[in-house]
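S.K.: What follows is a structure written as structure tokens; I'll ask about it next.
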4 protein chains.
Amino acid sequence: MARVVAPATVVDFDELRRQVQRVNAALGASDLVLLAFGNASAVDREAGVMAIKPSGADYATLRPDDITVVELASGDVVAGSRRPSSDTPTHLALYRAFPAIAAIVHTHSSYATSWAQAEREIPCLGTTHADHFGGSVPVTRRLREEEIATDYEAHTGDVIVERYRVGGLDPMLLPAVLVARHGPFVWGESLQAAFANALALEEVARMALHTEWLRPTPDPIDTRLLRRHFERKHGPAAYYGQLPVPRER
Amino acid sequence: MARVVAPATVVDFDELRRQVQRVNAALGASDLVLLAFGNASAVDREAGVMAIKPSGADYATLRPDDITVVELASGDVVAGSRRPSSDTPTHLALYRAFPAIAAIVHTHSSYATSWAQAEREIPCLGTTHADHFGGSVPVTRRLREEEIATDYEAHTGDVIVERYRVGGLDPMLLPAVLVARHGPFVWGESLQAAFANALALEEVARMALHTEWLRPTPDPIDTRLLRRHFERKHGPAAYYGQLPVPRER
Amino acid sequence: MARVVAPATVVDFDELRRQVQRVNAALGASDLVLLAFGNASAVDREAGVMAIKPSGADYATLRPDDITVVELASGDVVAGSRRPSSDTPTHLALYRAFPAIAAIVHTHSSYATSWAQAEREIPCLGTTHADHFGGSVPVTRRLREEEIATDYEAHTGDVIVERYRVGGLDPMLLPAVLVARHGPFVWGESLQAAFANALALEEVARMALHTEWLRPTPDPIDTRLLRRHFERKHGPAAYYGQLPVPRER
Amino acid sequence: MARVVAPATVVDFDELRRQVQRVNAALGASDLVLLAFGNASAVDREAGVMAIKPSGADYATLRPDDITVVELASGDVVAGSRRPSSDTPTHLALYRAFPAIAAIVHTHSSYATSWAQAEREIPCLGTTHADHFGGSVPVTRRLREEEIATDYEAHTGDVIVERYRVGGLDPMLLPAVLVARHGPFVWGESLQAAFANALALEEVARMALHTEWLRPTPDPIDTRLLRRHFERKHGPAAYYGQLPVPRER
């Protein structure tokens, strides 16, 4: 767990905390979250910090200065008086390992979590999936006994990172993962993108389940169609949306 | 059925009734309840009474003084002019047998009731379940012919208590049960906890159903992971949320 | 189809139309109805008329004087300038055959309609079902070629009535039926009861589907438990709710 | 992709854009659309143009003058400063091939898309389906490698048109199609009709899935019942609704 220390700086990361508060409020109002099962964070890489929802807090009444700011390297709290989400070590592990990601959303959304509980990756069966995820959404291995016993949340981050490293997976091509027996962690190049990916993942998980009922063992989508849809929206050849300029980061 | 008697005391249990009214209103506004299929109660163990929703009442227009107060020992009405929920004898049996519980929520929520109708316990397949229930959610045996014929609601309470006694189950570790062919009864250390457990149970029931579709006969979650998640939120070693002080009771 | 004739009376059935308008508005706002797939009617047996939603009308903007009043015996319009629901002959057939019913609600609600399309009766698998329906919800036979060709809607009513007559079924014990390949018709002793039964039917249909997934070919609920629950709410021995007096009719 | 050119005319198609904006706003507020997965367009055949939602735009904040107007023959933008939906070439192909259609709605609605991903046509299993679609909702073949590589969206339109031509299907009898691995395109004689058909398609897709679970391999609805229901609402013998006059177009 992150240690809570007195802020050692006058910087209070107002804008970052405001953005994180807003996305957490949107998350709490969405169908993705029941009770307090979810949290969103964002990173400021120049400042070397991440801002995250406090543990067990109510989404609707959250104010920007309730958001806790944590140093990326040490995990120490540098702004905010509340204890950060218990999932903080998982978020930190992902920000450290994946330098291109700017924000993370964790939920127990119903269908995505069902795939995680079944320990199955979500195959890409259509263009809705391909618009957001450039292949099957991966699932981690289970945590080992000793990984559960100590630093459980940090080890949760580690098995995610391991899954990408071992599988040679690109976190920007596959901005969502299922933690076995637990649920999804989703990220993106911005808070908006991470939240959109979390919404898309839940819908994709639901449609994949229903597709399997209608056609057991469907073959995955054609690789060219997958790439075409992912690249319509992502990367240098994107032609979806209004702006040929780089997106906010 | 509880007899309705004239209140023999000037105490009118204002605060208890207000709390019970508020949670019943929240219950009626939730997806857990259709029509009048559900009720919440809370106990005041010092005063030896429980407060419960009146029978067949509309959730939205319920006022605190509509809530009926019943003596725990006798089942007699001690405050309120309305007939208590027909499920009152079930609630009484649970409060009497489980001294640690402070509140009970009964619903016919859709997925949990489907498991109850299938007479299957809900296996613990992931951490969402483990965050609230320290093992499979148990199911009672069916009521026998003579148990249905007389004191049906009291016998419903009895088969719940029997299930915990025979199975050596801890009601605080497993604060929800499925009554065979009927639906869930859920409880907790406070009204808020009981309501949260009822919401969690419905989601857990839904995800377990979908998990089974994706992987028939999944093995249950690792015992260590189960205990780790339950103990993150419950008991002396809890580190989830903001407060190291004991919760409201 | 009912002929539209000039009203031959100064009676305009204000109260009846207001009630029917209100329940149709509630129906349109509920999850039971998509687009214009549904209608509610009520009968005034002394006046020998029924009031029903106009065909294809929008639920939200419906006013009481949009409701069409039809003579029970002839099917002639006696009040209202709008064409009555195309399902009017079905409603008329039910009011004529079942003298105890006071109101009818027809929907294409999703799960109930799925059972109707599967041409399967909904077995009683739990107490939620038993609280409203005293046995399996029956399904009609398919309409024959000539029954579809002429007076289709009247014949729809006829196959419902035939199902109850042939099966020796009591319409007040089983206040809902599935028309094969079409959807549910539901009724009751009042508009409120008919609407509540329509809501309960959809939930019961959904839970029965899920129960079958969790336990293929479950046996139906014990007859004594079924009767106990139905009689808790209906008939002379009812003890659910607040009033020992007869319900509004 | 349509080229964006300077408007060569003073006509700005106010009314058409206002209608298209309104239906896109309704679409965005409906359950059919998640994120930006959907768009509606309408044609003005006299003017030889179609109006469509801009690419990636937010439904809720869309104003009429955000709507882009595109020449039917050339695909050139003739009014509006925003890039039209990336699906524009698909819409154009349908308007060119099907002269009777006035509006198109494209969504990734959950159940319809699941059928599209399973590459299965939706059989007509009941009257809800028959009220809108005069037979099975067809599914296209997959796009070939070279069709994906260049002019992907135009080829998506081409495989739809091919499906109707090869199958001898009438686009007004079957105003919806599933693009394999992608999702539904739906149309109608007006924007209202196209939107209603899109809502009906999603419900019909959901009920067909559930019907198959309750009765594997159900036989399709009787042809006479199918025709009766479709013709109650469509064509010269229609008797559903209030108006014997031709509908708005």
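All residue names refer to the structure tokens as shown: chains lettered A, B, ... in order, residues numbered from 1 in each chain, ligands numbered from 1 in order.
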Could you work out which residues of chain C fall inside 9 Å of chain D? Count only C-alpha atoms, and format the result as a PyMOL selection string.
M.R.: chain C and resi 34-35+37+54-57+82-86+108+110-111+113-120+143+145+148-149+152+180-183+209+212-213
S.K.: Please return, as an MDAnalysis selection string, all residues of region 153-227 of chain D that DSSP assigns to helix (DSSP H, G or I) on the basis of the backbone.
M.R.: chainID D and resid 153:167 191:214 223:227
S.K.: Can you tell me, as number ranges by chain, what residues are no more than 8 Å from region 20-32 of chain D when counting only C-alpha atoms, ignoring any on the same chain fewer than 4 positions away?
M.R.: D: 16, 36, 38-42, 51-53, 59-60, 62-64, 67, 107-110, 191-192, 195, 199, 202
S.K.: DSSP on the backbone, strand (DSSP E) only: what residues of region 2-249 of chain C does that give? Format it as an MDAnalysis selection string.
M.R.: chainID C and resid 38:44 49:52 68:71 77:79 103:107 176:179 183:188
S.K.: Tell me which protein, DNA and RNA residues are within 12 Å of Ala100 (chain A), counting only C-alpha atoms, leaving out same-chain ones fewer than 3 positions away, and put them as a VMD selection string.
M.R.: chain A and resid 43 to 45 94 to 97 103 to 104 170 to 173 175 187 to 190 249
S.K.: Can I get the selected residues back with C-alpha atoms, as a PDB file, in the first residue's frame?
M.R.:
ATOM      1  CA  VAL A  43      -0.894  10.452 -14.967  1.00  0.00           C
ATOM      2  CA  ASP A  44       1.155  13.643 -15.292  1.00  0.00           C
ATOM      3  CA  ARG A  45       4.440  12.226 -16.579  1.00  0.00           C
ATOM      4  CA  LEU A  94       0.876  -0.137 -15.339  1.00  0.00           C
ATOM      5  CA  TYR A  95       2.008   3.487 -15.651  1.00  0.00           C
ATOM      6  CA  ARG A  96       5.588   2.434 -14.984  1.00  0.00           C
ATOM      7  CA  ALA A  97       5.588  -0.405 -17.494  1.00  0.00           C
ATOM      8  CA  ALA A 103      -5.090   7.139 -17.941  1.00  0.00           C
ATOM      9  CA  ILE A 104      -6.490   3.926 -16.469  1.00  0.00           C
ATOM     10  CA  ASP A 170       1.334  -3.789 -27.559  1.00  0.00           C
ATOM     11  CA  PRO A 171      -0.592  -1.979 -24.800  1.00  0.00           C
ATOM     12  CA  MET A 172      -1.731   0.742 -27.214  1.00  0.00           C
ATOM     13  CA  LEU A 173      -3.046  -1.823 -29.698  1.00  0.00           C
ATOM     14  CA  PRO A 175      -5.732  -1.115 -24.294  1.00  0.00           C
ATOM     15  CA  TRP A 187      -6.412   2.416 -20.443  1.00  0.00           C
ATOM     16  CA  GLY A 188      -5.836   4.935 -23.184  1.00  0.00           C
ATOM     17  CA  GLU A 189      -4.008   7.953 -24.484  1.00  0.00           C
ATOM     18  CA  SER A 190      -6.338  10.206 -22.428  1.00  0.00           C
ATOM     19  CA  ARG A 249      -2.894  13.379 -24.488  1.00  0.00           C
TER      20      ARG A 249
END
S.K.: Give me, please, the distance in Å between CA of Arg165 (chain D) and CA of Gly135 (chain D), quoted to one decimal.
M.R.: 15.7 Å
S.K.: I want to know what sits within 10 Å of Ala176 (chain A), based on only C-alpha atoms, with residues of the same chain fewer than 5 positions away left out; could you give that as a compact mmCIF listing (two decimals) with N, CA, C and O atoms, in the first residue's frame?
M.R.:
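Produced file around_39.txt, reproduced below:
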# COMPACT_ATOMS: atom_id res chain seq x y z
N ILE A 104 -6.05 5.30 -16.71
CA ILE A 104 -6.49 3.93 -16.47
C ILE A 104 -7.88 3.94 -15.84
O ILE A 104 -8.16 4.77 -14.96
N VAL A 105 -8.73 3.04 -16.31
CA VAL A 105 -10.05 2.86 -15.71
C VAL A 105 -10.18 1.40 -15.30
O VAL A 105 -9.96 0.50 -16.11
N HIS A 106 -10.52 1.16 -14.05
CA HIS A 106 -10.75 -0.19 -13.56
C HIS A 106 -12.21 -0.33 -13.15
O HIS A 106 -12.73 0.52 -12.44
N HIS A 132 -11.80 -0.65 -31.36
CA HIS A 132 -11.13 -0.26 -30.11
C HIS A 132 -9.94 -1.12 -29.73
O HIS A 132 -9.02 -0.64 -29.08
N PHE A 133 -10.01 -2.40 -30.11
CA PHE A 133 -8.99 -3.34 -29.63
C PHE A 133 -8.46 -4.11 -30.83
O PHE A 133 -9.23 -4.77 -31.54
N SER A 136 -7.63 -10.04 -29.82
CA SER A 136 -8.33 -10.56 -28.64
C SER A 136 -7.93 -9.77 -27.40
O SER A 136 -6.75 -9.44 -27.23
N VAL A 137 -8.89 -9.50 -26.54
CA VAL A 137 -8.58 -8.86 -25.26
C VAL A 137 -7.97 -9.93 -24.36
O VAL A 137 -8.62 -10.94 -24.06
N PRO A 138 -6.71 -9.76 -23.93
CA PRO A 138 -6.02 -10.84 -23.21
C PRO A 138 -6.50 -11.02 -21.79
O PRO A 138 -7.12 -10.13 -21.20
N VAL A 139 -6.22 -12.18 -21.24
CA VAL A 139 -6.52 -12.48 -19.84
C VAL A 139 -5.22 -12.90 -19.17
O VAL A 139 -4.38 -13.56 -19.78
N ILE A 160 -0.34 -8.41 -15.11
CA ILE A 160 -0.78 -7.74 -16.34
C ILE A 160 0.43 -7.45 -17.22
O ILE A 160 0.46 -7.79 -18.41
N PRO A 171 0.50 -2.52 -25.64
CA PRO A 171 -0.59 -1.98 -24.80
C PRO A 171 -1.43 -0.90 -25.49
O PRO A 171 -2.57 -0.67 -25.07
N PRO A 184 -11.75 -6.25 -15.47
CA PRO A 184 -10.94 -5.54 -16.46
C PRO A 184 -10.18 -4.33 -15.92
O PRO A 184 -10.66 -3.61 -15.04
N PHE A 185 -8.98 -4.13 -16.45
CA PHE A 185 -8.27 -2.86 -16.38
C PHE A 185 -8.15 -2.35 -17.82
O PHE A 185 -7.80 -3.11 -18.72
N VAL A 186 -8.48 -1.06 -18.00
CA VAL A 186 -8.57 -0.49 -19.35
C VAL A 186 -7.79 0.82 -19.34
O VAL A 186 -7.79 1.52 -18.33
N TRP A 187 -7.15 1.17 -20.43
CA TRP A 187 -6.41 2.42 -20.44
C TRP A 187 -6.53 3.11 -21.80
O TRP A 187 -7.26 2.64 -22.68
N GLY A 188 -5.79 4.21 -21.92
CA GLY A 188 -5.84 4.94 -23.18
C GLY A 188 -4.88 6.10 -23.18
O GLY A 188 -4.20 6.36 -22.19
N ALA A 194 -9.66 6.29 -22.29
CA ALA A 194 -9.71 5.16 -21.36
C ALA A 194 -11.15 4.84 -20.97
O ALA A 194 -11.57 3.68 -20.92
N ASN A 197 -12.91 3.31 -23.92
CA ASN A 197 -12.50 1.91 -24.08
C ASN A 197 -13.17 1.00 -23.06
O ASN A 197 -13.50 -0.15 -23.36
N ALA A 198 -13.38 1.51 -21.85
CA ALA A 198 -14.05 0.71 -20.81
C ALA A 198 -15.51 0.46 -21.19
O ALA A 198 -16.04 -0.64 -21.00
N LEU A 201 -15.44 -2.01 -24.14
CA LEU A 201 -15.10 -3.36 -23.70
C LEU A 201 -16.33 -4.09 -23.17
O LEU A 201 -16.56 -5.26 -23.49
S.K.: What does the structure give for the distance between CA of Thr68 (chain B) and CA of Phe13 (chain B), in Å to one decimal?
M.R.: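 Computing it gives 9.8 Å between the two atoms.
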S.K.: Would you pick out the contacts of Ala47 (chain C) at 12 Å or less, using only C-alpha atoms, so that residues sharing its chain but fewer than 5 positions from it are not included, and give the list as number ranges by chain?
M.R.: C: 9, 11-13, 16, 42, 69-73, 78
S.K.: With all heavy atoms retained, export the selected residues as a PDB file, in the first residue's frame.
M.R.:
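Writing the result to part25.pdb gives the following:
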ATOM      1  N   THR C   9     -75.083   8.851 -27.651  1.00  0.00           N
ATOM      2  CA  THR C   9     -75.378   9.109 -26.250  1.00  0.00           C
ATOM      3  C   THR C   9     -74.606  10.325 -25.762  1.00  0.00           C
ATOM      4  O   THR C   9     -73.563  10.653 -26.299  1.00  0.00           O
ATOM      5  CB  THR C   9     -74.995   7.887 -25.387  1.00  0.00           C
ATOM      6  OG1 THR C   9     -75.023   8.278 -24.022  1.00  0.00           O
ATOM      7  CG2 THR C   9     -73.617   7.378 -25.711  1.00  0.00           C
ATOM      8  N   VAL C  11     -73.570  10.416 -22.637  1.00  0.00           N
ATOM      9  CA  VAL C  11     -72.592   9.881 -21.686  1.00  0.00           C
ATOM     10  C   VAL C  11     -71.233   9.826 -22.368  1.00  0.00           C
ATOM     11  O   VAL C  11     -71.126   9.325 -23.482  1.00  0.00           O
ATOM     12  CB  VAL C  11     -72.990   8.458 -21.235  1.00  0.00           C
ATOM     13  CG1 VAL C  11     -71.956   7.918 -20.249  1.00  0.00           C
ATOM     14  CG2 VAL C  11     -74.377   8.454 -20.650  1.00  0.00           C
ATOM     15  N   ASP C  12     -70.226  10.371 -21.728  1.00  0.00           N
ATOM     16  CA  ASP C  12     -68.914  10.272 -22.385  1.00  0.00           C
ATOM     17  C   ASP C  12     -67.874   9.521 -21.556  1.00  0.00           C
ATOM     18  O   ASP C  12     -66.714   9.486 -21.933  1.00  0.00           O
ATOM     19  CB  ASP C  12     -68.396  11.645 -22.819  1.00  0.00           C
ATOM     20  CG  ASP C  12     -68.407  12.615 -21.665  1.00  0.00           C
ATOM     21  OD1 ASP C  12     -68.672  12.174 -20.532  1.00  0.00           O
ATOM     22  OD2 ASP C  12     -68.137  13.790 -21.901  1.00  0.00           O
ATOM     23  N   PHE C  13     -68.318   8.906 -20.479  1.00  0.00           N
ATOM     24  CA  PHE C  13     -67.444   7.967 -19.777  1.00  0.00           C
ATOM     25  C   PHE C  13     -66.121   8.595 -19.356  1.00  0.00           C
ATOM     26  O   PHE C  13     -65.064   8.009 -19.508  1.00  0.00           O
ATOM     27  CB  PHE C  13     -67.200   6.731 -20.653  1.00  0.00           C
ATOM     28  CG  PHE C  13     -68.455   6.111 -21.180  1.00  0.00           C
ATOM     29  CD1 PHE C  13     -68.868   6.318 -22.493  1.00  0.00           C
ATOM     30  CD2 PHE C  13     -69.258   5.334 -20.340  1.00  0.00           C
ATOM     31  CE1 PHE C  13     -70.036   5.747 -22.964  1.00  0.00           C
ATOM     32  CE2 PHE C  13     -70.432   4.762 -20.817  1.00  0.00           C
ATOM     33  CZ  PHE C  13     -70.827   4.982 -22.137  1.00  0.00           C
ATOM     34  N   LEU C  16     -63.883   6.583 -16.718  1.00  0.00           N
ATOM     35  CA  LEU C  16     -63.330   5.368 -17.325  1.00  0.00           C
ATOM     36  C   LEU C  16     -62.199   5.713 -18.288  1.00  0.00           C
ATOM     37  O   LEU C  16     -61.133   5.080 -18.273  1.00  0.00           O
ATOM     38  CB  LEU C  16     -64.455   4.621 -18.066  1.00  0.00           C
ATOM     39  CG  LEU C  16     -64.089   3.275 -18.698  1.00  0.00           C
ATOM     40  CD1 LEU C  16     -63.793   2.228 -17.624  1.00  0.00           C
ATOM     41  CD2 LEU C  16     -65.217   2.773 -19.609  1.00  0.00           C
ATOM     42  N   ALA C  42     -60.318  -1.073 -20.272  1.00  0.00           N
ATOM     43  CA  ALA C  42     -61.100  -1.406 -19.077  1.00  0.00           C
ATOM     44  C   ALA C  42     -62.573  -1.441 -19.469  1.00  0.00           C
ATOM     45  O   ALA C  42     -62.992  -0.793 -20.435  1.00  0.00           O
ATOM     46  CB  ALA C  42     -60.867  -0.389 -17.968  1.00  0.00           C
ATOM     47  N   VAL C  69     -64.318   4.643 -26.771  1.00  0.00           N
ATOM     48  CA  VAL C  69     -65.238   3.789 -26.013  1.00  0.00           C
ATOM     49  C   VAL C  69     -66.071   2.980 -27.007  1.00  0.00           C
ATOM     50  O   VAL C  69     -66.613   3.527 -27.965  1.00  0.00           O
ATOM     51  CB  VAL C  69     -66.148   4.632 -25.093  1.00  0.00           C
ATOM     52  CG1 VAL C  69     -67.062   3.722 -24.270  1.00  0.00           C
ATOM     53  CG2 VAL C  69     -65.303   5.512 -24.176  1.00  0.00           C
ATOM     54  N   VAL C  70     -66.127   1.680 -26.764  1.00  0.00           N
ATOM     55  CA  VAL C  70     -66.718   0.722 -27.693  1.00  0.00           C
ATOM     56  C   VAL C  70     -67.803  -0.062 -26.964  1.00  0.00           C
ATOM     57  O   VAL C  70     -67.606  -0.473 -25.822  1.00  0.00           O
ATOM     58  CB  VAL C  70     -65.620  -0.235 -28.216  1.00  0.00           C
ATOM     59  CG1 VAL C  70     -66.208  -1.342 -29.067  1.00  0.00           C
ATOM     60  CG2 VAL C  70     -64.554   0.532 -28.985  1.00  0.00           C
ATOM     61  N   GLU C  71     -68.923  -0.271 -27.633  1.00  0.00           N
ATOM     62  CA  GLU C  71     -69.992  -1.067 -27.029  1.00  0.00           C
ATOM     63  C   GLU C  71     -69.576  -2.530 -26.983  1.00  0.00           C
ATOM     64  O   GLU C  71     -69.072  -3.081 -27.984  1.00  0.00           O
ATOM     65  CB  GLU C  71     -71.276  -0.909 -27.839  1.00  0.00           C
ATOM     66  CG  GLU C  71     -72.516  -1.343 -27.062  1.00  0.00           C
ATOM     67  CD  GLU C  71     -73.769  -1.172 -27.902  1.00  0.00           C
ATOM     68  OE1 GLU C  71     -73.773  -1.701 -29.055  1.00  0.00           O
ATOM     69  OE2 GLU C  71     -74.725  -0.532 -27.432  1.00  0.00           O
ATOM     70  N   LEU C  72     -69.773  -3.146 -25.831  1.00  0.00           N
ATOM     71  CA  LEU C  72     -69.301  -4.510 -25.625  1.00  0.00           C
ATOM     72  C   LEU C  72     -70.011  -5.507 -26.551  1.00  0.00           C
ATOM     73  O   LEU C  72     -69.390  -6.399 -27.133  1.00  0.00           O
ATOM     74  CB  LEU C  72     -69.562  -4.895 -24.157  1.00  0.00           C
ATOM     75  CG  LEU C  72     -68.584  -5.847 -23.490  1.00  0.00           C
ATOM     76  CD1 LEU C  72     -67.148  -5.423 -23.673  1.00  0.00           C
ATOM     77  CD2 LEU C  72     -68.920  -5.955 -22.000  1.00  0.00           C
ATOM     78  N   ALA C  73     -71.305  -5.331 -26.699  1.00  0.00           N
ATOM     79  CA  ALA C  73     -72.088  -6.294 -27.480  1.00  0.00           C
ATOM     80  C   ALA C  73     -71.815  -6.175 -28.980  1.00  0.00           C
ATOM     81  O   ALA C  73     -71.585  -7.173 -29.667  1.00  0.00           O
ATOM     82  CB  ALA C  73     -73.582  -6.095 -27.202  1.00  0.00           C
ATOM     83  N   VAL C  78     -68.838   4.207 -29.319  1.00  0.00           N
ATOM     84  CA  VAL C  78     -69.901   5.043 -28.754  1.00  0.00           C
ATOM     85  C   VAL C  78     -69.374   6.356 -28.187  1.00  0.00           C
ATOM     86  O   VAL C  78     -70.153   7.236 -27.832  1.00  0.00           O
ATOM     87  CB  VAL C  78     -70.708   4.288 -27.679  1.00  0.00           C
ATOM     88  CG1 VAL C  78     -71.478   3.133 -28.326  1.00  0.00           C
ATOM     89  CG2 VAL C  78     -69.808   3.778 -26.560  1.00  0.00           C
TER      90      VAL C  78
END
S.K.: So what do you get for CA of Pro89 (chain C) versus CA of Arg17 (chain C), distance-wise?
M.R.: 18.4 Å
